[in-house]
Every structure is written in C-alpha cells, then in structure tokens.
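entry.pdb (PDB, C-alpha atoms, pLDDT in the B column)
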ATOM      1  CA  MET P   1       6.421 -45.929 -50.329  1.00 49.00           C
ATOM      2  CA  LYS P   2       7.443 -42.344 -49.658  1.00 53.00           C
ATOM      3  CA  MET P   3       3.764 -41.332 -49.398  1.00 52.00           C
ATOM      4  CA  LYS P   4       3.088 -44.162 -46.974  1.00 56.00           C
ATOM      5  CA  TRP P   5       5.978 -43.073 -44.778  1.00 51.00           C
ATOM      6  CA  ARG P   6       4.724 -39.482 -44.740  1.00 54.00           C
ATOM      7  CA  ALA P   7       1.231 -40.644 -43.778  1.00 53.00           C
ATOM      8  CA  LEU P   8       2.655 -42.693 -40.930  1.00 50.00           C
ATOM      9  CA  VAL P   9       4.685 -39.737 -39.642  1.00 48.00           C
ATOM     10  CA  ALA P  10       1.622 -37.476 -39.867  1.00 49.00           C
ATOM     11  CA  ALA P  11      -0.513 -40.007 -38.012  1.00 49.00           C
ATOM     12  CA  PHE P  12       2.114 -40.342 -35.305  1.00 43.00           C
ATOM     13  CA  GLY P  13       2.301 -36.565 -34.978  1.00 46.00           C
ATOM     14  CA  LEU P  14      -1.452 -36.321 -34.575  1.00 42.00           C
ATOM     15  CA  TRP P  15      -1.494 -39.096 -31.997  1.00 44.00           C
ATOM     16  CA  LEU P  16       1.287 -37.354 -30.060  1.00 38.00           C
ATOM     17  CA  ALA P  17      -0.563 -34.042 -30.112  1.00 41.00           C
ATOM     18  CA  PHE P  18      -3.849 -35.517 -28.910  1.00 38.00           C
ATOM     19  CA  SER P  19      -2.084 -37.544 -26.220  1.00 40.00           C
ATOM     20  CA  ALA P  20      -0.444 -34.414 -24.884  1.00 38.00           C
ATOM     21  CA  ILE P  21      -3.756 -32.554 -24.819  1.00 37.00           C
ATOM     22  CA  GLY P  22      -5.474 -35.470 -23.112  1.00 38.00           C
ATOM     23  CA  ALA P  23      -2.798 -35.708 -20.460  1.00 39.00           C
ATOM     24  CA  ARG P  24      -3.074 -32.029 -19.625  1.00 39.00           C
ATOM     25  CA  THR P  25      -6.809 -31.618 -19.745  1.00 40.00           C
ATOM     26  CA  PRO P  26      -7.886 -32.784 -16.243  1.00 39.00           C
ATOM     27  CA  SER P  27      -5.575 -30.507 -14.242  1.00 40.00           C
ATOM     28  CA  ASN P  28      -6.008 -27.544 -16.564  1.00 40.00           C
ATOM     29  CA  ALA P  29      -9.772 -27.901 -16.532  1.00 39.00           C
ATOM     30  CA  SER P  30      -9.939 -27.853 -12.745  1.00 37.00           C
ATOM     31  CA  GLN P  31      -7.725 -24.781 -12.640  1.00 38.00           C
ATOM     32  CA  LEU P  32      -9.966 -23.045 -15.123  1.00 39.00           C
ATOM     33  CA  ILE P  33     -13.014 -23.638 -12.944  1.00 41.00           C
ATOM     34  CA  TYR P  34     -11.404 -21.576 -10.215  1.00 45.00           C
ATOM     35  CA  ALA P  35      -9.651 -19.062 -12.424  1.00 48.00           C
ATOM     36  CA  ALA P  36     -12.421 -18.089 -14.811  1.00 61.00           C
ATOM     37  CA  SER P  37     -14.644 -15.211 -13.729  1.00 85.00           C
ATOM     38  CA  THR P  38     -17.989 -14.500 -15.303  1.00 95.00           C
ATOM     39  CA  LEU P  39     -19.856 -11.242 -15.400  1.00 97.00           C
ATOM     40  CA  GLY P  40     -23.615 -11.467 -15.064  1.00 97.00           C
ATOM     41  CA  ASP P  41     -26.026  -8.596 -15.469  1.00 97.00           C
ATOM     42  CA  LEU P  42     -27.655  -6.932 -12.501  1.00 98.00           C
ATOM     43  CA  LYS P  43     -31.091  -5.635 -13.418  1.00 96.00           C
ATOM     44  CA  SER P  44     -32.159  -4.307 -10.036  1.00 98.00           C
ATOM     45  CA  VAL P  45     -31.021  -3.625  -6.489  1.00 98.00           C
ATOM     46  CA  GLU P  46     -33.493  -6.335  -5.510  1.00 98.00           C
ATOM     47  CA  GLU P  47     -31.253  -8.919  -7.210  1.00 98.00           C
ATOM     48  CA  LEU P  48     -28.325  -7.922  -5.023  1.00 98.00           C
ATOM     49  CA  LYS P  49     -30.600  -8.005  -2.002  1.00 98.00           C
ATOM     50  CA  THR P  50     -31.636 -11.583  -2.864  1.00 98.00           C
ATOM     51  CA  LEU P  51     -28.022 -12.710  -3.257  1.00 97.00           C
ATOM     52  CA  PHE P  52     -27.113 -10.946  -0.030  1.00 98.00           C
ATOM     53  CA  ASN P  53     -29.838 -12.690   1.954  1.00 98.00           C
ATOM     54  CA  GLN P  54     -29.068 -16.072   0.388  1.00 97.00           C
ATOM     55  CA  ASP P  55     -25.556 -15.831   1.811  1.00 98.00           C
ATOM     56  CA  ARG P  56     -26.680 -15.092   5.353  1.00 97.00           C
ATOM     57  CA  GLY P  57     -24.316 -16.728   7.819  1.00 97.00           C
ATOM     58  CA  LYS P  58     -21.233 -15.503   5.984  1.00 98.00           C
ATOM     59  CA  PRO P  59     -19.549 -12.127   6.247  1.00 98.00           C
ATOM     60  CA  ARG P  60     -20.265 -10.297   3.009  1.00 98.00           C
ATOM     61  CA  LEU P  61     -18.253  -7.706   1.161  1.00 98.00           C
ATOM     62  CA  VAL P  62     -19.871  -5.441  -1.413  1.00 98.00           C
ATOM     63  CA  LEU P  63     -17.459  -3.787  -3.845  1.00 98.00           C
ATOM     64  CA  LEU P  64     -18.587  -0.937  -6.080  1.00 98.00           C
ATOM     65  CA  LEU P  65     -16.168  -0.719  -8.983  1.00 98.00           C
ATOM     66  CA  SER P  66     -15.643   0.807 -12.382  1.00 97.00           C
ATOM     67  CA  PRO P  67     -13.794  -1.179 -15.047  1.00 96.00           C
ATOM     68  CA  THR P  68     -10.965   1.248 -15.813  1.00 90.00           C
TER      69      THR P  68
ATOM     70  CA  MET W   1      -7.977  -6.984  -2.958  1.00 76.00           C
ATOM     71  CA  GLN W   2      -7.203 -10.384  -4.451  1.00 73.00           C
ATOM     72  CA  THR W   3      -3.643 -10.605  -3.216  1.00 74.00           C
ATOM     73  CA  GLU W   4      -3.855  -8.422  -0.117  1.00 79.00           C
ATOM     74  CA  LEU W   5      -6.968 -10.001   1.373  1.00 91.00           C
ATOM     75  CA  LEU W   6      -8.605 -12.928  -0.381  1.00 94.00           C
ATOM     76  CA  ALA W   7      -5.416 -14.852  -1.043  1.00 93.00           C
ATOM     77  CA  LYS W   8      -4.300 -14.303   2.548  1.00 93.00           C
ATOM     78  CA  TYR W   9      -7.468 -15.899   3.886  1.00 94.00           C
ATOM     79  CA  PRO W  10      -8.169 -18.802   1.529  1.00 93.00           C
ATOM     80  CA  ASN W  11     -10.283 -20.604   4.119  1.00 93.00           C
ATOM     81  CA  ALA W  12     -12.401 -17.599   5.085  1.00 95.00           C
ATOM     82  CA  ASP W  13     -16.041 -18.398   4.493  1.00 96.00           C
ATOM     83  CA  LEU W  14     -17.231 -15.132   3.021  1.00 97.00           C
ATOM     84  CA  ARG W  15     -18.976 -13.867  -0.070  1.00 98.00           C
ATOM     85  CA  VAL W  16     -17.856 -10.949  -2.196  1.00 97.00           C
ATOM     86  CA  TYR W  17     -20.180  -9.139  -4.584  1.00 98.00           C
ATOM     87  CA  ALA W  18     -18.236  -7.131  -7.123  1.00 98.00           C
ATOM     88  CA  VAL W  19     -20.692  -4.713  -8.724  1.00 98.00           C
ATOM     89  CA  TRP W  20     -19.256  -3.016 -11.799  1.00 98.00           C
ATOM     90  CA  PHE W  21     -20.594   0.043 -13.586  1.00 98.00           C
ATOM     91  CA  ASN W  22     -19.483   2.900 -15.811  1.00 98.00           C
ATOM     92  CA  MET W  23     -18.118   5.970 -14.104  1.00 97.00           C
ATOM     93  CA  PHE W  24     -15.439   7.305 -16.429  1.00 95.00           C
ATOM     94  CA  PRO W  25     -16.003   8.323 -20.056  1.00 94.00           C
ATOM     95  CA  GLY W  26     -13.895   5.407 -21.286  1.00 94.00           C
ATOM     96  CA  ASP W  27     -15.664   2.815 -19.138  1.00 96.00           C
ATOM     97  CA  ALA W  28     -17.605  -0.002 -20.786  1.00 97.00           C
ATOM     98  CA  ARG W  29     -18.754  -3.504 -19.997  1.00 97.00           C
ATOM     99  CA  SER W  30     -16.245  -4.755 -22.577  1.00 96.00           C
ATOM    100  CA  LYS W  31     -13.446  -3.270 -20.462  1.00 96.00           C
ATOM    101  CA  TRP W  32     -14.304  -5.395 -17.438  1.00 96.00           C
ATOM    102  CA  PRO W  33     -11.040  -7.046 -16.319  1.00 95.00           C
ATOM    103  CA  PRO W  34     -11.833 -10.758 -15.824  1.00 94.00           C
ATOM    104  CA  SER W  35      -8.414 -11.523 -14.385  1.00 92.00           C
ATOM    105  CA  LEU W  36      -8.553  -8.935 -11.598  1.00 93.00           C
ATOM    106  CA  LEU W  37     -10.684 -10.846  -9.075  1.00 95.00           C
ATOM    107  CA  THR W  38     -10.642 -14.551  -9.866  1.00 94.00           C
ATOM    108  CA  ASP W  39     -11.313 -15.904  -6.376  1.00 95.00           C
ATOM    109  CA  ASN W  40     -14.294 -18.248  -6.501  1.00 95.00           C
ATOM    110  CA  ARG W  41     -15.901 -16.494  -3.518  1.00 97.00           C
ATOM    111  CA  VAL W  42     -16.446 -13.445  -5.718  1.00 97.00           C
ATOM    112  CA  ILE W  43     -19.673 -12.931  -7.678  1.00 97.00           C
ATOM    113  CA  HIS W  44     -19.356 -10.375 -10.477  1.00 97.00           C
ATOM    114  CA  ARG W  45     -22.314  -8.347 -11.712  1.00 98.00           C
ATOM    115  CA  TRP W  46     -22.524  -5.616 -14.344  1.00 98.00           C
ATOM    116  CA  ASP W  47     -24.828  -2.796 -13.257  1.00 98.00           C
ATOM    117  CA  GLU W  48     -25.529  -0.839 -16.430  1.00 97.00           C
ATOM    118  CA  GLY W  49     -27.886   1.595 -14.693  1.00 98.00           C
ATOM    119  CA  LYS W  50     -25.525   2.243 -11.745  1.00 98.00           C
ATOM    120  CA  LEU W  51     -28.486   1.222  -9.614  1.00 98.00           C
ATOM    121  CA  VAL W  52     -26.494  -0.062  -6.674  1.00 98.00           C
ATOM    122  CA  GLY W  53     -24.226   2.990  -6.555  1.00 98.00           C
ATOM    123  CA  ILE W  54     -27.245   5.279  -6.657  1.00 98.00           C
ATOM    124  CA  TRP W  55     -29.056   3.236  -4.014  1.00 98.00           C
ATOM    125  CA  TYR W  56     -26.114   3.284  -1.625  1.00 98.00           C
ATOM    126  CA  SER W  57     -25.583   6.972  -2.176  1.00 97.00           C
ATOM    127  CA  GLY W  58     -29.080   7.600  -0.855  1.00 96.00           C
ATOM    128  CA  HIS W  59     -28.296   5.669   2.314  1.00 97.00           C
ATOM    129  CA  THR W  60     -24.857   6.935   3.264  1.00 95.00           C
ATOM    130  CA  ASN W  61     -26.197   9.281   5.957  1.00 94.00           C
ATOM    131  CA  GLU W  62     -27.494   6.249   7.843  1.00 96.00           C
ATOM    132  CA  ILE W  63     -24.109   4.539   7.809  1.00 97.00           C
ATOM    133  CA  ARG W  64     -21.846   7.530   8.269  1.00 96.00           C
ATOM    134  CA  ALA W  65     -20.705   6.259  11.695  1.00 97.00           C
ATOM    135  CA  GLN W  66     -19.192   3.136  10.111  1.00 97.00           C
ATOM    136  CA  LEU W  67     -17.116   5.041   7.580  1.00 98.00           C
ATOM    137  CA  SER W  68     -13.526   3.894   7.871  1.00 97.00           C
ATOM    138  CA  PRO W  69     -10.868   6.369   8.986  1.00 96.00           C
ATOM    139  CA  GLY W  70      -9.266   8.086   6.013  1.00 94.00           C
ATOM    140  CA  SER W  71     -12.390   7.716   3.892  1.00 96.00           C
ATOM    141  CA  SER W  72     -14.716  10.446   2.789  1.00 93.00           C
ATOM    142  CA  TRP W  73     -17.829  10.587   0.700  1.00 92.00           C
ATOM    143  CA  ASN W  74     -20.206  13.162  -0.733  1.00 91.00           C
ATOM    144  CA  GLY W  75     -21.848  12.491  -4.056  1.00 93.00           C
ATOM    145  CA  ASP W  76     -24.738  11.104  -6.053  1.00 95.00           C
ATOM    146  CA  ILE W  77     -23.347   7.676  -6.954  1.00 98.00           C
ATOM    147  CA  LEU W  78     -21.248   5.711  -4.533  1.00 98.00           C
ATOM    148  CA  TRP W  79     -18.387   3.960  -6.319  1.00 97.00           C
ATOM    149  CA  ASP W  80     -14.794   2.906  -5.772  1.00 97.00           C
ATOM    150  CA  ALA W  81     -16.092   1.835  -2.403  1.00 98.00           C
ATOM    151  CA  TYR W  82     -16.490  -1.229  -0.208  1.00 98.00           C
ATOM    152  CA  LEU W  83     -19.065  -2.181   2.393  1.00 98.00           C
ATOM    153  CA  PHE W  84     -18.236  -5.024   4.746  1.00 98.00           C
ATOM    154  CA  TYR W  85     -21.034  -6.777   6.613  1.00 98.00           C
ATOM    155  CA  GLY W  86     -21.043  -9.314   9.403  1.00 98.00           C
ATOM    156  CA  ALA W  87     -22.360 -12.847   9.132  1.00 98.00           C
ATOM    157  CA  ASP W  88     -25.694 -11.957  10.735  1.00 97.00           C
ATOM    158  CA  ALA W  89     -26.470  -9.146   8.316  1.00 98.00           C
ATOM    159  CA  ARG W  90     -29.900  -9.193   6.713  1.00 98.00           C
ATOM    160  CA  TRP W  91     -31.346  -6.924   4.083  1.00 98.00           C
ATOM    161  CA  HIS W  92     -34.940  -5.835   4.526  1.00 97.00           C
ATOM    162  CA  ASP W  93     -35.146  -2.127   3.810  1.00 96.00           C
ATOM    163  CA  ALA W  94     -31.371  -1.818   3.979  1.00 98.00           C
ATOM    164  CA  PRO W  95     -28.589  -4.216   4.926  1.00 98.00           C
ATOM    165  CA  THR W  96     -27.918  -4.491   8.651  1.00 98.00           C
ATOM    166  CA  ASN W  97     -24.771  -5.269  10.614  1.00 98.00           C
ATOM    167  CA  LEU W  98     -22.414  -3.116   8.584  1.00 98.00           C
ATOM    168  CA  ILE W  99     -18.946  -3.402  10.083  1.00 98.00           C
ATOM    169  CA  HIS W 100     -17.229  -0.688   8.053  1.00 98.00           C
ATOM    170  CA  TRP W 101     -17.373   0.908   4.654  1.00 98.00           C
ATOM    171  CA  GLY W 102     -14.737   2.844   2.857  1.00 98.00           C
ATOM    172  CA  ARG W 103     -14.200   5.132  -0.054  1.00 97.00           C
ATOM    173  CA  THR W 104     -11.954   5.021  -1.879  1.00 97.00           C
ATOM    174  CA  ILE W 105     -11.163   1.324  -1.499  1.00 96.00           C
ATOM    175  CA  VAL W 106      -7.507   2.252  -1.210  1.00 95.00           C
ATOM    176  CA  ALA W 107      -8.260   4.863   1.465  1.00 96.00           C
ATOM    177  CA  GLY W 108     -10.207   2.350   3.541  1.00 97.00           C
ATOM    178  CA  ARG W 109      -8.111  -0.732   2.929  1.00 95.00           C
ATOM    179  CA  GLU W 110      -6.245  -0.673   6.256  1.00 96.00           C
ATOM    180  CA  THR W 111      -9.539  -0.793   8.157  1.00 97.00           C
ATOM    181  CA  LEU W 112     -10.728  -3.604   5.897  1.00 97.00           C
ATOM    182  CA  ARG W 113      -7.487  -5.479   6.458  1.00 96.00           C
ATOM    183  CA  GLN W 114      -7.938  -5.151  10.233  1.00 97.00           C
ATOM    184  CA  ASP W 115     -11.543  -6.343  10.011  1.00 97.00           C
ATOM    185  CA  PHE W 116     -10.461  -9.368   7.964  1.00 97.00           C
ATOM    186  CA  GLU W 117      -7.770 -10.186  10.473  1.00 96.00           C
ATOM    187  CA  ARG W 118     -10.210  -9.892  13.371  1.00 96.00           C
ATOM    188  CA  LEU W 119     -12.785 -12.137  11.690  1.00 96.00           C
ATOM    189  CA  PHE W 120     -10.598 -14.593   9.822  1.00 95.00           C
ATOM    190  CA  GLY W 121      -7.176 -14.380  11.455  1.00 92.00           C
ATOM    191  CA  ALA W 122      -7.781 -17.428  13.669  1.00 83.00           C
ATOM    192  CA  GLN W 123      -8.763 -19.472  10.606  1.00 74.00           C
ATOM    193  CA  ARG W 124      -5.587 -18.418   8.857  1.00 67.00           C
ATOM    194  CA  SER W 125      -3.319 -19.436  11.735  1.00 61.00           C
ATOM    195  CA  ALA W 126      -5.236 -22.724  12.111  1.00 61.00           C
ATOM    196  CA  SER W 127      -4.862 -23.629   8.454  1.00 54.00           C
ATOM    197  CA  PRO W 128      -2.122 -26.140   7.592  1.00 52.00           C
ATOM    198  CA  GLN W 129       1.231 -24.729   6.530  1.00 47.00           C
ATOM    199  CA  ARG W 130       2.282 -25.453   2.988  1.00 46.00           C
TER     200      ARG W 130
END
Before anything else, please render the file you have as structure tokens.
Amino acid sequence: MKMKWRALVAAFGLWLAFSAIGARTPSNASQLIYAASTLGDLKSVEELKTLFNQDRGKPRLVLLLSPT
Amino acid sequence: MQTELLAKYPNADLRVYAVWFNMFPGDARSKWPPSLLTDNRVIHRWDEGKLVGIWYSGHTNEIRAQLSPGSSWNGDILWDAYLFYGADARWHDAPTNLIHWGRTIVAGRETLRQDFERLFGAQRSASPQR
C-alpha cells in the first residue's frame, strides 16, 4: 500500500513537472528565436559582399569587432 | 550599440553585419559574446583570417572624407570600427553610398547616433507608444 502511494505521488510529480514545462514552452520558444545569436564563419570578403548586395534597399551597418 | 541604437529604433528596417576577428592575444572564437548583440537584424560572422579588416584597411584612403568627427585611423587591419551605408548602397569593387564610418566605435558613436536619428527618427516617433 505504501509503495502504491509513493508511486502515485511520483506520477503526480512528473505530471506536474511536464505540465509546467508544456505551459511555458510556446512563449519561451518564441523569445529564444529572437534572443539567440549564432556565429557563422566568413571565408571570404566576397561572402560579405553577397550579403551586402542581398540587403539592398536597407541601410546597412558593418561592425568590425574583436571578442574581448 | 544594442541599447543605444538598435533598441531605440525597433522598427528601423536595416541590416547589421557584425564581423568578429582576433585582435588581442587573448581573443578567440570561443570568447565571442553571444549575448552582446541579440537583435534579429544583426548577422554575426567569424572572420578567422581578418579578411574584412584587411580589405577595409586597404580602402580607407578612398573613404577618408566620410570619417566621423573624433575618429582617426592609420593601420593595417581596420577593427573596432563601424561603416554605415545608405539604402541604395551597392558593392561592386567597393561598397558605395557610405554615410559615415568611425573608429573607434565609441569615438564615432555620436555621429552614428545622429545618422540613425536622421534616417529612422520619423519611424520611431510614428511607432505606437507602449
């Protein structure tokens, strides 16, 4: 009986945890799309030139930065 | 940059290319700070060969007139710098329609702020108040 009770409590705890995650996921996921930055590799100046010309019609800002 | 400019003009239709490369002895790709520029208008690229900095350094004489007040430059690799181009800019041999460039970014930031305000200020005042 005691074992059965413990199993029920554990199952309820798991359900609660997954419900909480599920409820938070949509808003958090959309925030992550905007918040996460990715760093791709630039192999040539030509690649920057291609990006630059693809964005014609918009003002463009080139930043030259070092990581520290 | 993020808070002083991009966040102030959330509706500005612009593109930012953040080109990162090693300049200090302690620099490394692994030290890239992903939380520094998170605006989705920013494209980040790691330039291991410093190719863009070297390329720009070879063209600074042609764009000297657009150097922002307070900025100065003389070197082999342009870095800690910005170059701001208008919407009609095209890159054949070199990018055209450069509005201003600055080095350091901090030294040229007031000019950049003014250019942003001139280009995007109307959009900011037209955007709904929150």
For W:Arg90, which residue out of P:Thr68, P:Leu48, P:Asn53, P:Leu63 is the nearest one, using only C-alpha atoms?
->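 Closest residue, counting only C-alpha atoms: P:Asn53.
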Selected residue, from P:Arg56, P:Pro67, P:Glu47, P:Val62, that lies nearest to W:Ile99 when counting only C-alpha atoms | P:Val62
Where does chain P meet chain W within 9 Å, residue by residue, with the nearest atom pair and distance in Å to one decimal for each, counting all atoms listed in the file, listed by chain and rising number, as a Markdown table?
| residue | atom | partner | partner_atom | distance |
| --- | --- | --- | --- | --- |
| P:Ile33 | CA | W:Asn40 | CA | 8.5 |
| P:Tyr34 | CA | W:Asn40 | CA | 5.8 |
| P:Ala35 | CA | W:Thr38 | CA | 5.3 |
| P:Ala36 | CA | W:Thr38 | CA | 6.3 |
| P:Ser37 | CA | W:Thr38 | CA | 5.6 |
| P:Thr38 | CA | W:His44 | CA | 6.5 |
| P:Leu39 | CA | W:His44 | CA | 5.0 |
| P:Gly40 | CA | W:Arg45 | CA | 4.8 |
| P:Asp41 | CA | W:Trp46 | CA | 4.7 |
| P:Leu42 | CA | W:Asp47 | CA | 5.1 |
| P:Lys43 | CA | W:Asp47 | CA | 6.9 |
| P:Ser44 | CA | W:Leu51 | CA | 6.7 |
| P:Val45 | CA | W:Val52 | CA | 5.8 |
| P:Leu48 | CA | W:Val52 | CA | 8.2 |
| P:Lys49 | CA | W:Trp91 | CA | 6.2 |
| P:Thr50 | CA | W:Trp91 | CA | 8.4 |
| P:Leu51 | CA | W:Tyr17 | CA | 8.7 |
| P:Phe52 | CA | W:Trp91 | CA | 7.1 |
| P:Asn53 | CA | W:Arg90 | CA | 5.9 |
| P:Asp55 | CA | W:Arg15 | CA | 7.1 |
| P:Arg56 | CA | W:Ala87 | CA | 6.2 |
| P:Gly57 | CA | W:Ala87 | CA | 4.5 |
| P:Lys58 | CA | W:Ala87 | CA | 4.3 |
| P:Pro59 | CA | W:Ala87 | CA | 4.1 |
| P:Arg60 | CA | W:Arg15 | CA | 4.9 |
| P:Leu61 | CA | W:Phe84 | CA | 4.5 |
| P:Val62 | CA | W:Tyr17 | CA | 4.9 |
| P:Leu63 | CA | W:Tyr82 | CA | 4.6 |
| P:Leu64 | CA | W:Trp79 | CA | 4.9 |
| P:Leu65 | CA | W:Trp20 | CA | 4.8 |
| P:Ser66 | CA | W:Phe21 | CA | 5.2 |
| P:Pro67 | CA | W:Trp32 | CA | 4.9 |
| P:Thr68 | CA | W:Asp27 | CA | 6.0 |
Could you jot down the atom CA of W:Gly121 to atom CA of W:Leu67 separation for me, Å, one decimal place?
->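 Interatomic distance, atom CA of W:Gly121 to atom CA of W:Leu67: 22.2 Å.
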Return as JSON the box centre and box size in Å, one decimal, for an axis-aligned box around all listed atoms of stretch 40-58 of chain P padded by 6 Å per side.
{"center_x": -27.4, "center_y": -10.2, "center_z": -3.8, "size_x": 24.3, "size_y": 25.1, "size_z": 35.3}
Atom CA of W:Arg109 to atom CA of W:Leu6, distance in Å rounded to a single decimal |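 That distance, rounded to one decimal, is 12.6 Å.
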So what do you get for atom CA of W:Met1 versus atom CA of W:Thr60, distance-wise?
-> 22.7 Å
